[in-house]
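Working notes for the structure below.
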Amino acid sequence: MATQISDMIRAALGNARSAGALAFDAPPAIVLESPKQAAHGDVACPVALGLAKQARRSPRDVAQVIVDHLPPMEGLVDKVEIAGPGFLNFYLSAGYWTAQLPDILAAGAAYGTHAWGAGRPTMVEFVSANPTGPLHVGHGRGAVVGDVTANLLAAVGTPVKREYYVNDVGNQMNILGRSTHVRYLQALGQDVPWPDDHYRGDYIKDIAQRIQDADGDRWAGLPEAQWLPHFSATAYQAILGEIRDELDRFGIRFDQWYSERELYRGDDPPVQRVIDGLKAAGAAYEQDGATWLATTRHGDDKDRVMVRGNGVTTYFASDVAYHQDKFARGFARVIDVWGADHHGYIGRMKAAVTMLGRDPDDLTVVLVQLVSLLRDGVPVAMSTRAGEFVTLKEVTDEIGVDATRFFFLTRKSDAQLEFDLELAKQRTADNPVYYIQYAHARVHQLFAKAAEAGVDLFKADGAFSGQTVDLAPLHDAETLALVKQLAAYPDVVDDAARELAVHKIPYYLQELAARFHAYYYKNRFVGDDPALTRARLVLAGAVGQVIKNGLGLLGVSAPTRM
């Protein structure tokens with residue numbers, strides 16, 4: 001449609017110049033816009049404003065000349081109006097809009113997809129919670145944001161991989177082992193004081209009890225060097241296993257779980273190799289016994305330590321080596337999903353990526369803000385096995401995976417989210433995920449009702465039969481407004497993928513569901529007029545397909561009965 005209208009405008013300019021009605025040297029670029037108000041048409045073009053100076057005429061005069069010289073537009077445009085200072089407003093025909101419906105049904109699951117992302121392999125790294133405790137609701141929001149970001153990129157043709165970076169190196173692993181050992185000794189009846197910096201959650205007690213059940217008092221009284229590796233490894237594996245299970249239950253699948261330990265293996269470990277390379281390039285230097293990366297050269301507020309004076313590498317050094325490894329594996333773009341408290345970390349990582357020889361824009365960081373839990377609008381503190389925070393499992397156990405995933409996406413990821421648990425359980429229009437899923441189920445109810453009446457346009461699974469249907473009865477403004485919303489879906493996906501704005505999909509689905517429900521209550525889909533029944537069923541089928549596609553991007557189910 002955009003190409004056709006652009007071609008019409010170019011033809012009109014050529015016709016006007018040939019007829020001597022408009023003088024200009026070079027035609028300006030044809031830019032098409034979507035009017036903010038429906039009353040201003042479907043497509044607007046400001047070409048007359050850009051041409052007025054060359055033509056030495058007012059923009060409205062130029063616009064009128066263009067309109068007078070437009071070629072025939074039957075079947076596409078009903079009328080063209082001149083608005084404001086000289087905008088050309090095109091009103092597309094009802095036939096153009098209704099012709100979108102069979103196209104939607106024919107495309108099926110592919111409707112809304114694009115191909116512009118092809119050729120740029122991308123990694124999305126997300127969650128990456130330390131394996132020292134269960135996932136909390138903040139991790140859950142980051143998990144869904146990362147997962148749907150990857151879904152959106154795949155929908156525009158991007159070869160995308162999902163990765164979880166397991167931070168299994170450093171003192172935190174020792175603290176985890178010591179925490180488990182203290183609980184182990186307490187389980188044996190010993191009065192052991194609890195260190196302030198240890199992990200306190202009840203999940204540590206569970207792991208310690210398993211060790212006691214398996215080994216009895218075997219580890220009591222031994223020096224730390226003998227028991228620490230076993231307790232650290234046992235606790236680490238147990239917690240990481242629970243994280244894997246919980247993410248799998250939450251619909252999150254990773255292509256790779258990357259262990260930080262890989263960066264320290266071998267005679268020439270990747271971390272040391274990166275540090276040596278940065279030194280050789282003059283990007284890293286020695287000072288006060290430590291090794292520093294000169295990130296201030298690329299906009300950071302201060303240089304960053306990679307190796308401390310005691311010879312121990314920093315987390316930052318691991319992160320630099322990890323990102324080097326990502327690019328070395330052939331990824332053209334790397335997207336990291338981080339908690340908002342890591343905002344200050346972006347500058348140094350962008351600088352590091354630049355010093356690794358990459359464009360800083362090859363690294364994109366998506367920040368995810370905190371989640372506040374409410375119950376009927378009142379902040380709540382749920383009981384939790386961890387004793388310190390609300391786990392993701394508690395929330396999904398209470399309200400389900402679909403509702404949890406959807407509600408995590410209802411605001412921009414970098415905005416704080418208030419999550420009302422009671423609202424998420426309601427089976428009313430106030431609960432957006434229920435309302436959207438019910439719209440999809442309602443479409444299938446219409447199919448069943450139509451089948452009973454002998455209208456078999458759709459199969460039992462909702463697939464369109466492919467029959468030719470006269471859509472001329474769908475010409476009123478209310479119907480066309482619904483069709484236009486369906487036709488906007490590919491653009492919504494496109495925008496969401498380009499901006500990594502996952503919240504745009506649930507916003508769109510809420511608006512579509514609300515419009516469809518309102519239309520359903522006003523209009524009879526299966527009635528006495530066979531032609532109108534068949535046409536409206538095609539409309540309903542297209543609504544169901546778009547809702548199913550959108551929910552699929554969110555990792556939310558599209559039930560056929562509720």
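Every chain in the structure tokens takes a letter, A first, then B, and so on in the order presented; its residues are numbered from 1, and the ligands are numbered from 1 following the presented order.
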
Long-range neighbours of segment 89-93 of chain A as a VMD selection string, 6 Å cut-off, only C-alpha atoms, 6 positions minimum in chain: chain A and resid 41 to 44 76 to 81

Selection file, N, CA and C atoms, as a PDB file, in the first residue's frame:
ATOM      1  N   GLY A  41      -7.816  10.575   8.001  1.00  0.00           N
ATOM      2  CA  GLY A  41      -7.487   9.594   6.985  1.00  0.00           C
ATOM      3  C   GLY A  41      -6.580   8.497   7.488  1.00  0.00           C
ATOM      4  N   ASP A  42      -6.117   7.694   6.534  1.00  0.00           N
ATOM      5  CA  ASP A  42      -5.281   6.543   6.866  1.00  0.00           C
ATOM      6  C   ASP A  42      -3.805   6.804   6.615  1.00  0.00           C
ATOM      7  N   VAL A  43      -3.496   7.643   5.660  1.00  0.00           N
ATOM      8  CA  VAL A  43      -2.110   7.949   5.307  1.00  0.00           C
ATOM      9  C   VAL A  43      -2.008   9.436   5.015  1.00  0.00           C
ATOM     10  N   ALA A  44      -0.971  10.091   5.517  1.00  0.00           N
ATOM     11  CA  ALA A  44      -0.746  11.509   5.250  1.00  0.00           C
ATOM     12  C   ALA A  44       0.622  11.685   4.595  1.00  0.00           C
ATOM     13  N   LEU A  76      -8.120   1.219  -4.160  1.00  0.00           N
ATOM     14  CA  LEU A  76      -7.164   1.483  -3.084  1.00  0.00           C
ATOM     15  C   LEU A  76      -7.559   2.701  -2.257  1.00  0.00           C
ATOM     16  N   VAL A  77      -7.847   3.807  -2.926  1.00  0.00           N
ATOM     17  CA  VAL A  77      -8.127   5.063  -2.221  1.00  0.00           C
ATOM     18  C   VAL A  77      -9.538   5.537  -2.570  1.00  0.00           C
ATOM     19  N   ASP A  78     -10.302   5.872  -1.534  1.00  0.00           N
ATOM     20  CA  ASP A  78     -11.638   6.415  -1.748  1.00  0.00           C
ATOM     21  C   ASP A  78     -11.586   7.902  -2.058  1.00  0.00           C
ATOM     22  N   LYS A  79     -10.756   8.618  -1.310  1.00  0.00           N
ATOM     23  CA  LYS A  79     -10.676  10.067  -1.522  1.00  0.00           C
ATOM     24  C   LYS A  79      -9.361  10.592  -0.965  1.00  0.00           C
ATOM     25  N   VAL A  80      -9.003  11.808  -1.432  1.00  0.00           N
ATOM     26  CA  VAL A  80      -7.814  12.509  -0.934  1.00  0.00           C
ATOM     27  C   VAL A  80      -8.239  13.910  -0.538  1.00  0.00           C
ATOM     28  N   GLU A  81      -7.857  14.331   0.647  1.00  0.00           N
ATOM     29  CA  GLU A  81      -8.187  15.664   1.117  1.00  0.00           C
ATOM     30  C   GLU A  81      -6.912  16.438   1.424  1.00  0.00           C
TER      31      GLU A  81
END

If you count only C-alpha atoms, which residues fall within 12 Å of segment 476-478 of chain A, apart from same-chain ones fewer than 6 positions away, as a ChimeraX atom specification? /A:38-39,93-95,97-98,484-485,515-516,518-520,522-523

Would you mind exporting N, CA and C atoms of the selected residues as a compact mmCIF listing (two decimals), in the first residue's frame?
# COMPACT_ATOMS: atom_id res chain seq x y z
N ALA A 38 -8.05 9.45 13.50
CA ALA A 38 -8.67 8.66 12.43
C ALA A 38 -9.42 9.54 11.45
N ALA A 39 -9.93 10.67 11.92
CA ALA A 39 -10.70 11.55 11.04
C ALA A 39 -9.84 12.17 9.95
N SER A 93 -9.82 2.64 0.76
CA SER A 93 -11.15 2.07 0.53
C SER A 93 -11.43 0.93 1.50
N ALA A 94 -12.72 0.68 1.70
CA ALA A 94 -13.13 -0.45 2.54
C ALA A 94 -12.62 -1.75 1.95
N GLY A 95 -12.65 -1.84 0.62
CA GLY A 95 -12.18 -3.06 -0.02
C GLY A 95 -10.71 -3.33 0.23
N TRP A 97 -9.09 -2.53 2.94
CA TRP A 97 -8.93 -3.02 4.33
C TRP A 97 -9.44 -4.44 4.49
N THR A 98 -10.61 -4.73 3.95
CA THR A 98 -11.15 -6.08 4.15
C THR A 98 -10.32 -7.13 3.42
N LYS A 484 -8.51 -2.37 10.72
CA LYS A 484 -7.30 -1.55 10.71
C LYS A 484 -6.39 -1.89 11.88
N GLN A 485 -6.99 -2.22 13.01
CA GLN A 485 -6.17 -2.60 14.16
C GLN A 485 -5.45 -3.92 13.89
N ARG A 515 -11.46 -3.93 21.79
CA ARG A 515 -12.23 -3.54 20.61
C ARG A 515 -13.07 -4.72 20.11
N PHE A 516 -12.49 -5.93 20.15
CA PHE A 516 -13.22 -7.09 19.67
C PHE A 516 -14.40 -7.41 20.59
N ALA A 518 -16.07 -5.39 22.48
CA ALA A 518 -17.09 -4.36 22.29
C ALA A 518 -17.85 -4.62 20.98
N TYR A 519 -17.14 -5.01 19.95
CA TYR A 519 -17.77 -5.30 18.66
C TYR A 519 -18.67 -6.52 18.78
N TYR A 520 -18.23 -7.51 19.51
CA TYR A 520 -19.00 -8.75 19.69
C TYR A 520 -20.35 -8.46 20.35
N LYS A 522 -22.07 -5.78 20.22
CA LYS A 522 -22.94 -4.95 19.40
C LYS A 522 -23.41 -5.66 18.13
N ASN A 523 -22.70 -6.68 17.70
CA ASN A 523 -22.96 -7.28 16.40
C ASN A 523 -23.14 -8.80 16.52

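Taking only C-alpha atoms into account, Gly146 of chain A lies nearest to A:Arg405 out of the set A:Lys279, A:Arg405, A:Arg308, A:Arg524.
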
For Tyr164 of chain A, please output as an MDAnalysis selection string all residues within 9 Å (counting only C-alpha atoms; exclusion window: fewer than 3 positions along the same chain). chainID A and resid 124:129 254:259

N, CA and C atoms of the current selection, written as an mmCIF file, in the first residue's frame:
data_model
loop_
_atom_site.group_PDB
_atom_site.id
_atom_site.type_symbol
_atom_site.label_atom_id
_atom_site.label_comp_id
_atom_site.auth_asym_id
_atom_site.auth_seq_id
_atom_site.Cartn_x
_atom_site.Cartn_y
_atom_site.Cartn_z
ATOM 1 N N VAL A 124 21.157 -13.138 23.263
ATOM 2 C CA VAL A 124 20.479 -12.478 24.374
ATOM 3 C C VAL A 124 20.866 -13.230 25.639
ATOM 4 N N GLU A 125 21.583 -12.554 26.510
ATOM 5 C CA GLU A 125 21.984 -13.152 27.791
ATOM 6 C C GLU A 125 21.114 -12.553 28.882
ATOM 7 N N PHE A 126 20.437 -13.403 29.631
ATOM 8 C CA PHE A 126 19.508 -12.885 30.630
ATOM 9 C C PHE A 126 19.385 -13.832 31.813
ATOM 10 N N VAL A 127 18.745 -13.350 32.833
ATOM 11 C CA VAL A 127 18.640 -13.958 34.165
ATOM 12 C C VAL A 127 20.027 -13.964 34.820
ATOM 13 N N SER A 128 20.853 -14.956 34.500
ATOM 14 C CA SER A 128 22.239 -15.023 35.008
ATOM 15 C C SER A 128 22.316 -14.729 36.499
ATOM 16 N N ALA A 129 21.301 -15.185 37.252
ATOM 17 C CA ALA A 129 21.307 -14.991 38.696
ATOM 18 C C ALA A 129 22.398 -15.850 39.336
ATOM 19 N N PHE A 254 17.063 -22.114 27.478
ATOM 20 C CA PHE A 254 18.334 -21.532 27.070
ATOM 21 C C PHE A 254 19.045 -22.453 26.093
ATOM 22 N N ASP A 255 19.711 -21.841 25.128
ATOM 23 C CA ASP A 255 20.523 -22.623 24.201
ATOM 24 C C ASP A 255 21.833 -23.040 24.860
ATOM 25 N N GLN A 256 22.283 -22.248 25.825
ATOM 26 C CA GLN A 256 23.525 -22.596 26.509
ATOM 27 C C GLN A 256 23.534 -22.016 27.914
ATOM 28 N N TRP A 257 24.074 -22.807 28.831
ATOM 29 C CA TRP A 257 24.379 -22.348 30.186
ATOM 30 C C TRP A 257 25.904 -22.231 30.237
ATOM 31 N N TYR A 258 26.391 -21.015 30.305
ATOM 32 C CA TYR A 258 27.826 -20.763 30.191
ATOM 33 C C TYR A 258 28.421 -20.560 31.581
ATOM 34 N N SER A 259 29.344 -21.436 31.956
ATOM 35 C CA SER A 259 29.974 -21.367 33.276
ATOM 36 C C SER A 259 31.135 -20.381 33.260
#

Out of A:His40, A:His230, A:Pro134, A:Lys205, which residue has the shortest atom-to-atom distance to Ile243 of chain A when counting only C-alpha atoms? A:Pro134

Hey, could you make a per-residue contact list for segment 61-117 of chain A against segment 496-500 of chain A with 12 Å as the cut-off, showing the nearest pair of atoms and its distance in Å to one decimal, counting only C-alpha atoms, sorted by chain and number, as CSV?
residue,atom,partner,partner_atom,distance
A:Gly112,CA,A:Ala497,CA,11.4
A:Thr113,CA,A:Ala497,CA,10.3
A:His114,CA,A:Ala497,CA,10.0
A:Ala115,CA,A:Ala497,CA,11.5
A:Trp116,CA,A:Arg498,CA,10.0
A:Gly117,CA,A:Ala497,CA,9.3

Store the residues of this selection in a file with C-alpha atoms, as a JSON list (two decimals), in the first residue's frame.
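File written: part_15.json
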[["chain", "number", "residue", "atom", "x", "y", "z"],
["A", 112, "GLY", "CA", 3.38, -10.15, 11.65],
["A", 113, "THR", "CA", 6.84, -11.58, 11.00],
["A", 114, "HIS", "CA", 9.59, -9.82, 9.05],
["A", 115, "ALA", "CA", 12.98, -10.67, 7.58],
["A", 116, "TRP", "CA", 15.10, -7.57, 8.22],
["A", 117, "GLY", "CA", 16.98, -9.20, 11.10]]

Could you find all residues in segment 453-520 of chain A that DSSP calls alpha helix (DSSP H) from the backbone, and write them as number ranges by chain? A: 477-487, 489-499, 504-520

Can I get the selected residues back with N, CA and C atoms, as a JSON list (two decimals), in the first residue's frame?
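Now in result_13.json:
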[["chain", "number", "residue", "atom", "x", "y", "z"],
["A", 477, "ALA", "N", -17.97, 1.74, 9.56],
["A", 477, "ALA", "CA", -16.80, 2.34, 10.21],
["A", 477, "ALA", "C", -16.30, 1.52, 11.39],
["A", 478, "GLU", "N", -17.22, 0.95, 12.17],
["A", 478, "GLU", "CA", -16.82, 0.18, 13.35],
["A", 478, "GLU", "C", -16.06, -1.08, 12.94],
["A", 479, "THR", "N", -16.54, -1.74, 11.91],
["A", 479, "THR", "CA", -15.86, -2.95, 11.42],
["A", 479, "THR", "C", -14.49, -2.60, 10.87],
["A", 480, "LEU", "N", -14.43, -1.55, 10.07],
["A", 480, "LEU", "CA", -13.16, -1.17, 9.47],
["A", 480, "LEU", "C", -12.14, -0.75, 10.51],
["A", 481, "ALA", "N", -12.61, -0.15, 11.61],
["A", 481, "ALA", "CA", -11.68, 0.23, 12.69],
["A", 481, "ALA", "C", -11.03, -1.02, 13.29],
["A", 482, "LEU", "N", -11.81, -2.10, 13.43],
["A", 482, "LEU", "CA", -11.27, -3.36, 13.94],
["A", 482, "LEU", "C", -10.29, -3.97, 12.94],
["A", 483, "VAL", "N", -10.64, -3.92, 11.66],
["A", 483, "VAL", "CA", -9.74, -4.46, 10.63],
["A", 483, "VAL", "C", -8.43, -3.68, 10.60],
["A", 484, "LYS", "N", -8.51, -2.37, 10.72],
["A", 484, "LYS", "CA", -7.30, -1.55, 10.71],
["A", 484, "LYS", "C", -6.39, -1.89, 11.88],
["A", 485, "GLN", "N", -6.99, -2.22, 13.01],
["A", 485, "GLN", "CA", -6.17, -2.60, 14.16],
["A", 485, "GLN", "C", -5.45, -3.92, 13.89],
["A", 486, "LEU", "N", -6.12, -4.84, 13.24],
["A", 486, "LEU", "CA", -5.48, -6.10, 12.86],
["A", 486, "LEU", "C", -4.34, -5.84, 11.88],
["A", 487, "ALA", "N", -4.56, -4.95, 10.94],
["A", 487, "ALA", "CA", -3.55, -4.66, 9.92],
["A", 487, "ALA", "C", -2.33, -3.96, 10.53],
["A", 489, "TYR", "N", -0.82, -4.84, 13.25],
["A", 489, "TYR", "CA", -0.01, -5.77, 14.05],
["A", 489, "TYR", "C", 1.42, -5.94, 13.53],
["A", 490, "PRO", "N", 1.65, -6.13, 12.23],
["A", 490, "PRO", "CA", 3.04, -6.26, 11.76],
["A", 490, "PRO", "C", 3.90, -5.06, 12.12],
["A", 491, "ASP", "N", 3.32, -3.85, 12.06],
["A", 491, "ASP", "CA", 4.09, -2.66, 12.42],
["A", 491, "ASP", "C", 4.41, -2.63, 13.91],
["A", 492, "VAL", "N", 3.48, -3.13, 14.73],
["A", 492, "VAL", "CA", 3.73, -3.18, 16.17],
["A", 492, "VAL", "C", 4.89, -4.12, 16.47],
["A", 493, "VAL", "N", 4.90, -5.28, 15.82],
["A", 493, "VAL", "CA", 6.00, -6.23, 16.00],
["A", 493, "VAL", "C", 7.31, -5.61, 15.54],
["A", 494, "ASP", "N", 7.26, -4.96, 14.40],
["A", 494, "ASP", "CA", 8.45, -4.32, 13.85],
["A", 494, "ASP", "C", 9.01, -3.28, 14.83],
["A", 495, "ASP", "N", 8.15, -2.41, 15.33],
["A", 495, "ASP", "CA", 8.60, -1.38, 16.27],
["A", 495, "ASP", "C", 9.14, -1.99, 17.55],
["A", 496, "ALA", "N", 8.43, -2.98, 18.08],
["A", 496, "ALA", "CA", 8.85, -3.60, 19.34],
["A", 496, "ALA", "C", 10.22, -4.25, 19.19],
["A", 497, "ALA", "N", 10.46, -4.89, 18.04],
["A", 497, "ALA", "CA", 11.75, -5.55, 17.82],
["A", 497, "ALA", "C", 12.87, -4.53, 17.63],
["A", 498, "ARG", "N", 12.61, -3.47, 16.90],
["A", 498, "ARG", "CA", 13.65, -2.46, 16.66],
["A", 498, "ARG", "C", 14.03, -1.74, 17.96],
["A", 499, "GLU", "N", 13.03, -1.49, 18.80],
["A", 499, "GLU", "CA", 13.27, -0.75, 20.03],
["A", 499, "GLU", "C", 13.51, -1.65, 21.24],
["A", 504, "LYS", "N", 5.19, -3.33, 24.19],
["A", 504, "LYS", "CA", 4.29, -2.90, 23.12],
["A", 504, "LYS", "C", 3.34, -4.00, 22.67],
["A", 505, "ILE", "N", 3.76, -5.25, 22.81],
["A", 505, "ILE", "CA", 2.89, -6.35, 22.39],
["A", 505, "ILE", "C", 1.70, -6.50, 23.33],
["A", 506, "PRO", "N", 1.89, -6.58, 24.66],
["A", 506, "PRO", "CA", 0.70, -6.67, 25.53],
["A", 506, "PRO", "C", -0.20, -5.44, 25.43],
["A", 507, "TYR", "N", 0.38, -4.24, 25.26],
["A", 507, "TYR", "CA", -0.46, -3.05, 25.07],
["A", 507, "TYR", "C", -1.37, -3.23, 23.85],
["A", 508, "TYR", "N", -0.78, -3.66, 22.75],
["A", 508, "TYR", "CA", -1.55, -3.85, 21.52],
["A", 508, "TYR", "C", -2.65, -4.90, 21.74],
["A", 509, "LEU", "N", -2.30, -6.02, 22.36],
["A", 509, "LEU", "CA", -3.28, -7.09, 22.55],
["A", 509, "LEU", "C", -4.43, -6.65, 23.45],
["A", 510, "GLN", "N", -4.14, -5.83, 24.46],
["A", 510, "GLN", "CA", -5.22, -5.33, 25.31],
["A", 510, "GLN", "C", -6.18, -4.46, 24.50],
["A", 511, "GLU", "N", -5.64, -3.60, 23.65],
["A", 511, "GLU", "CA", -6.50, -2.74, 22.84],
["A", 511, "GLU", "C", -7.32, -3.56, 21.85],
["A", 512, "LEU", "N", -6.68, -4.55, 21.23],
["A", 512, "LEU", "CA", -7.38, -5.38, 20.26],
["A", 512, "LEU", "C", -8.50, -6.17, 20.93],
["A", 513, "ALA", "N", -8.21, -6.77, 22.08],
["A", 513, "ALA", "CA", -9.22, -7.56, 22.78],
["A", 513, "ALA", "C", -10.40, -6.68, 23.20],
["A", 514, "ALA", "N", -10.11, -5.48, 23.70],
["A", 514, "ALA", "CA", -11.18, -4.58, 24.12],
["A", 514, "ALA", "C", -12.07, -4.20, 22.93],
["A", 515, "ARG", "N", -11.46, -3.93, 21.79],
["A", 515, "ARG", "CA", -12.23, -3.54, 20.61],
["A", 515, "ARG", "C", -13.07, -4.72, 20.11],
["A", 516, "PHE", "N", -12.49, -5.93, 20.15],
["A", 516, "PHE", "CA", -13.22, -7.09, 19.67],
["A", 516, "PHE", "C", -14.40, -7.41, 20.59],
["A", 517, "HIS", "N", -14.18, -7.40, 21.90],
["A", 517, "HIS", "CA", -15.28, -7.68, 22.83],
["A", 517, "HIS", "C", -16.41, -6.68, 22.63],
["A", 518, "ALA", "N", -16.07, -5.39, 22.48],
["A", 518, "ALA", "CA", -17.09, -4.36, 22.29],
["A", 518, "ALA", "C", -17.85, -4.62, 20.98],
["A", 519, "TYR", "N", -17.14, -5.01, 19.95],
["A", 519, "TYR", "CA", -17.77, -5.30, 18.66],
["A", 519, "TYR", "C", -18.67, -6.52, 18.78],
["A", 520, "TYR", "N", -18.23, -7.51, 19.51],
["A", 520, "TYR", "CA", -19.00, -8.75, 19.69],
["A", 520, "TYR", "C", -20.35, -8.46, 20.35]]

Pick out the residues sitting within 10 Å of Met123 of chain A, and hand them over as a list in words; count only C-alpha atoms, and ignore anything fewer than 2 positions along from it in its own chain. Arg120, Pro121, Glu125, Phe126, Ala150, Thr158, Pro159, Val160, Lys161, Arg162, Glu163, Asp255, Lys326, Phe327, Arg329, Gly330, Phe331, Ala332, Arg333, Val334, Ile335, Asp336 and Leu363 of chain A

Tell me, in Å to one decimal, how far atom CA of Met8 of chain A is from atom CA of Tyr111 of chain A.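 So the two atoms, atom CA of Met8 of chain A and atom CA of Tyr111 of chain A, lie 27.0 Å apart.
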
Where in segment 38-81 of chain A does DSSP assign strand (DSSP E), given as a PyMOL selection string? chain A and resi 43-45+77-81

Just to confirm, what's the straight-line distance from atom CA of Asp248 of chain A to atom CA of His136 of chain A in Å (one decimal)?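 Here the two named atoms are 15.0 Å from each other.
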
Which residues are near Leu537 of chain A? Cut-off 12 Å, only C-alpha atoms, ignore same chain within fewer than 6 positions. Put them as a PyMOL selection string. chain A and resi 101-102+105+442-451+455-458+462+464-465+467+469-471+473-474+520+523-527+530-531+543-544

Go ahead and write the residues just picked, N, CA and C atoms, as a short mmCIF file (atom, residue, chain, number, x, y, z; two decimals), in the first residue's frame.
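Saved result, selection22.cif, follows:
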data_model
loop_
_atom_site.label_atom_id
_atom_site.label_comp_id
_atom_site.auth_asym_id
_atom_site.auth_seq_id
_atom_site.Cartn_x
_atom_site.Cartn_y
_atom_site.Cartn_z
N LEU A 101 -7.97 -9.34 5.52
CA LEU A 101 -8.42 -10.46 6.36
C LEU A 101 -8.02 -11.82 5.80
N PRO A 102 -8.31 -12.14 4.54
CA PRO A 102 -7.86 -13.44 4.03
C PRO A 102 -6.34 -13.56 4.01
N LEU A 105 -5.33 -14.70 7.46
CA LEU A 105 -5.64 -16.12 7.66
C LEU A 105 -4.70 -17.01 6.85
N ARG A 442 -13.37 -16.88 22.73
CA ARG A 442 -14.66 -16.46 22.18
C ARG A 442 -14.72 -16.67 20.68
N VAL A 443 -13.61 -16.43 20.00
CA VAL A 443 -13.54 -16.68 18.56
C VAL A 443 -13.84 -18.15 18.27
N HIS A 444 -13.25 -19.04 19.06
CA HIS A 444 -13.46 -20.46 18.84
C HIS A 444 -14.89 -20.88 19.20
N GLN A 445 -15.50 -20.20 20.15
CA GLN A 445 -16.91 -20.45 20.44
C GLN A 445 -17.77 -20.09 19.23
N LEU A 446 -17.40 -19.01 18.55
CA LEU A 446 -18.14 -18.61 17.35
C LEU A 446 -17.99 -19.66 16.25
N PHE A 447 -16.78 -20.22 16.12
CA PHE A 447 -16.57 -21.27 15.11
C PHE A 447 -17.48 -22.47 15.39
N ALA A 448 -17.55 -22.85 16.67
CA ALA A 448 -18.38 -24.00 17.04
C ALA A 448 -19.86 -23.71 16.77
N LYS A 449 -20.29 -22.50 17.11
CA LYS A 449 -21.68 -22.12 16.88
C LYS A 449 -22.00 -22.11 15.39
N ALA A 450 -21.05 -21.59 14.60
CA ALA A 450 -21.26 -21.55 13.15
C ALA A 450 -21.33 -22.96 12.57
N ALA A 451 -20.49 -23.86 13.06
CA ALA A 451 -20.50 -25.24 12.57
C ALA A 451 -21.84 -25.89 12.84
N VAL A 455 -22.22 -23.68 8.90
CA VAL A 455 -21.21 -22.82 8.27
C VAL A 455 -19.84 -23.35 8.68
N ASP A 456 -19.13 -23.94 7.73
CA ASP A 456 -17.90 -24.65 8.06
C ASP A 456 -16.65 -23.96 7.51
N LEU A 457 -16.52 -22.67 7.79
CA LEU A 457 -15.36 -21.93 7.29
C LEU A 457 -14.08 -22.31 8.02
N PHE A 458 -14.23 -22.75 9.26
CA PHE A 458 -13.05 -23.03 10.08
C PHE A 458 -13.11 -24.47 10.58
N GLY A 462 -9.33 -24.54 14.41
CA GLY A 462 -9.31 -23.11 14.17
C GLY A 462 -8.70 -22.72 12.85
N PHE A 464 -8.34 -21.98 8.97
CA PHE A 464 -9.28 -21.51 7.94
C PHE A 464 -9.34 -22.52 6.81
N SER A 465 -10.54 -22.75 6.31
CA SER A 465 -10.74 -23.76 5.27
C SER A 465 -10.22 -23.29 3.91
N GLN A 467 -11.87 -21.20 1.94
CA GLN A 467 -12.97 -20.87 1.05
C GLN A 467 -12.96 -19.38 0.69
N VAL A 469 -14.68 -15.96 0.37
CA VAL A 469 -15.81 -15.33 1.07
C VAL A 469 -15.94 -13.89 0.58
N ASP A 470 -17.15 -13.49 0.26
CA ASP A 470 -17.43 -12.12 -0.14
C ASP A 470 -17.40 -11.24 1.12
N LEU A 471 -16.44 -10.31 1.18
CA LEU A 471 -16.28 -9.46 2.36
C LEU A 471 -16.92 -8.09 2.20
N PRO A 473 -19.91 -7.13 2.76
CA PRO A 473 -20.75 -6.68 3.88
C PRO A 473 -19.98 -5.98 5.01
N LEU A 474 -18.67 -6.11 5.01
CA LEU A 474 -17.88 -5.49 6.08
C LEU A 474 -17.42 -4.10 5.62
N TYR A 520 -18.23 -7.51 19.51
CA TYR A 520 -19.00 -8.75 19.69
C TYR A 520 -20.35 -8.46 20.35
N ASN A 523 -22.70 -6.68 17.70
CA ASN A 523 -22.96 -7.28 16.40
C ASN A 523 -23.14 -8.80 16.52
N ARG A 524 -24.08 -9.30 15.77
CA ARG A 524 -24.35 -10.74 15.76
C ARG A 524 -23.50 -11.40 14.69
N PHE A 525 -22.70 -12.35 15.07
CA PHE A 525 -21.78 -13.00 14.13
C PHE A 525 -22.45 -14.13 13.35
N VAL A 526 -23.24 -14.92 14.03
CA VAL A 526 -23.93 -16.03 13.36
C VAL A 526 -25.42 -15.70 13.37
N GLY A 527 -25.91 -15.22 12.22
CA GLY A 527 -27.30 -14.78 12.17
C GLY A 527 -28.04 -15.30 10.96
N PRO A 530 -26.75 -15.11 5.59
CA PRO A 530 -25.59 -16.00 5.35
C PRO A 530 -24.33 -15.26 4.92
N ALA A 531 -24.50 -14.26 4.03
CA ALA A 531 -23.33 -13.53 3.54
C ALA A 531 -22.65 -12.76 4.67
N VAL A 543 -9.08 -12.03 13.91
CA VAL A 543 -8.84 -11.57 15.28
C VAL A 543 -8.19 -12.67 16.11
N GLY A 544 -8.74 -13.88 16.01
CA GLY A 544 -8.18 -15.00 16.77
C GLY A 544 -6.75 -15.29 16.38
#

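For Ala21 of chain A, the non-local neighbours within 8 Å, defined as residues at least 4 positions apart in the same chain or in other chains and counting only C-alpha atoms, are Ala16, Arg17 and Val65 of chain A.
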
Restrict the selected residues to C-alpha atoms and save them as a PDB file, in the first residue's frame.
ATOM      1  CA  ALA A  16       1.849  18.123 -13.260  1.00  0.00           C
ATOM      2  CA  ARG A  17       5.341  19.094 -14.428  1.00  0.00           C
ATOM      3  CA  VAL A  65      -2.088  20.564  -8.157  1.00  0.00           C
TER       4      VAL A  65
END

Which residues of segment 422-529 of chain A come within 9 Å of segment 388-401 of chain A, and what is each one's closest atom pair and distance in Å (one decimal), counting only C-alpha atoms, sorted by chain and residue number, as a Markdown table?
| residue | atom | partner | partner_atom | distance |
| --- | --- | --- | --- | --- |
| A:Glu422 | CA | A:Ile399 | CA | 8.4 |
| A:Ala424 | CA | A:Ile399 | CA | 6.5 |
| A:Lys425 | CA | A:Ile399 | CA | 5.7 |
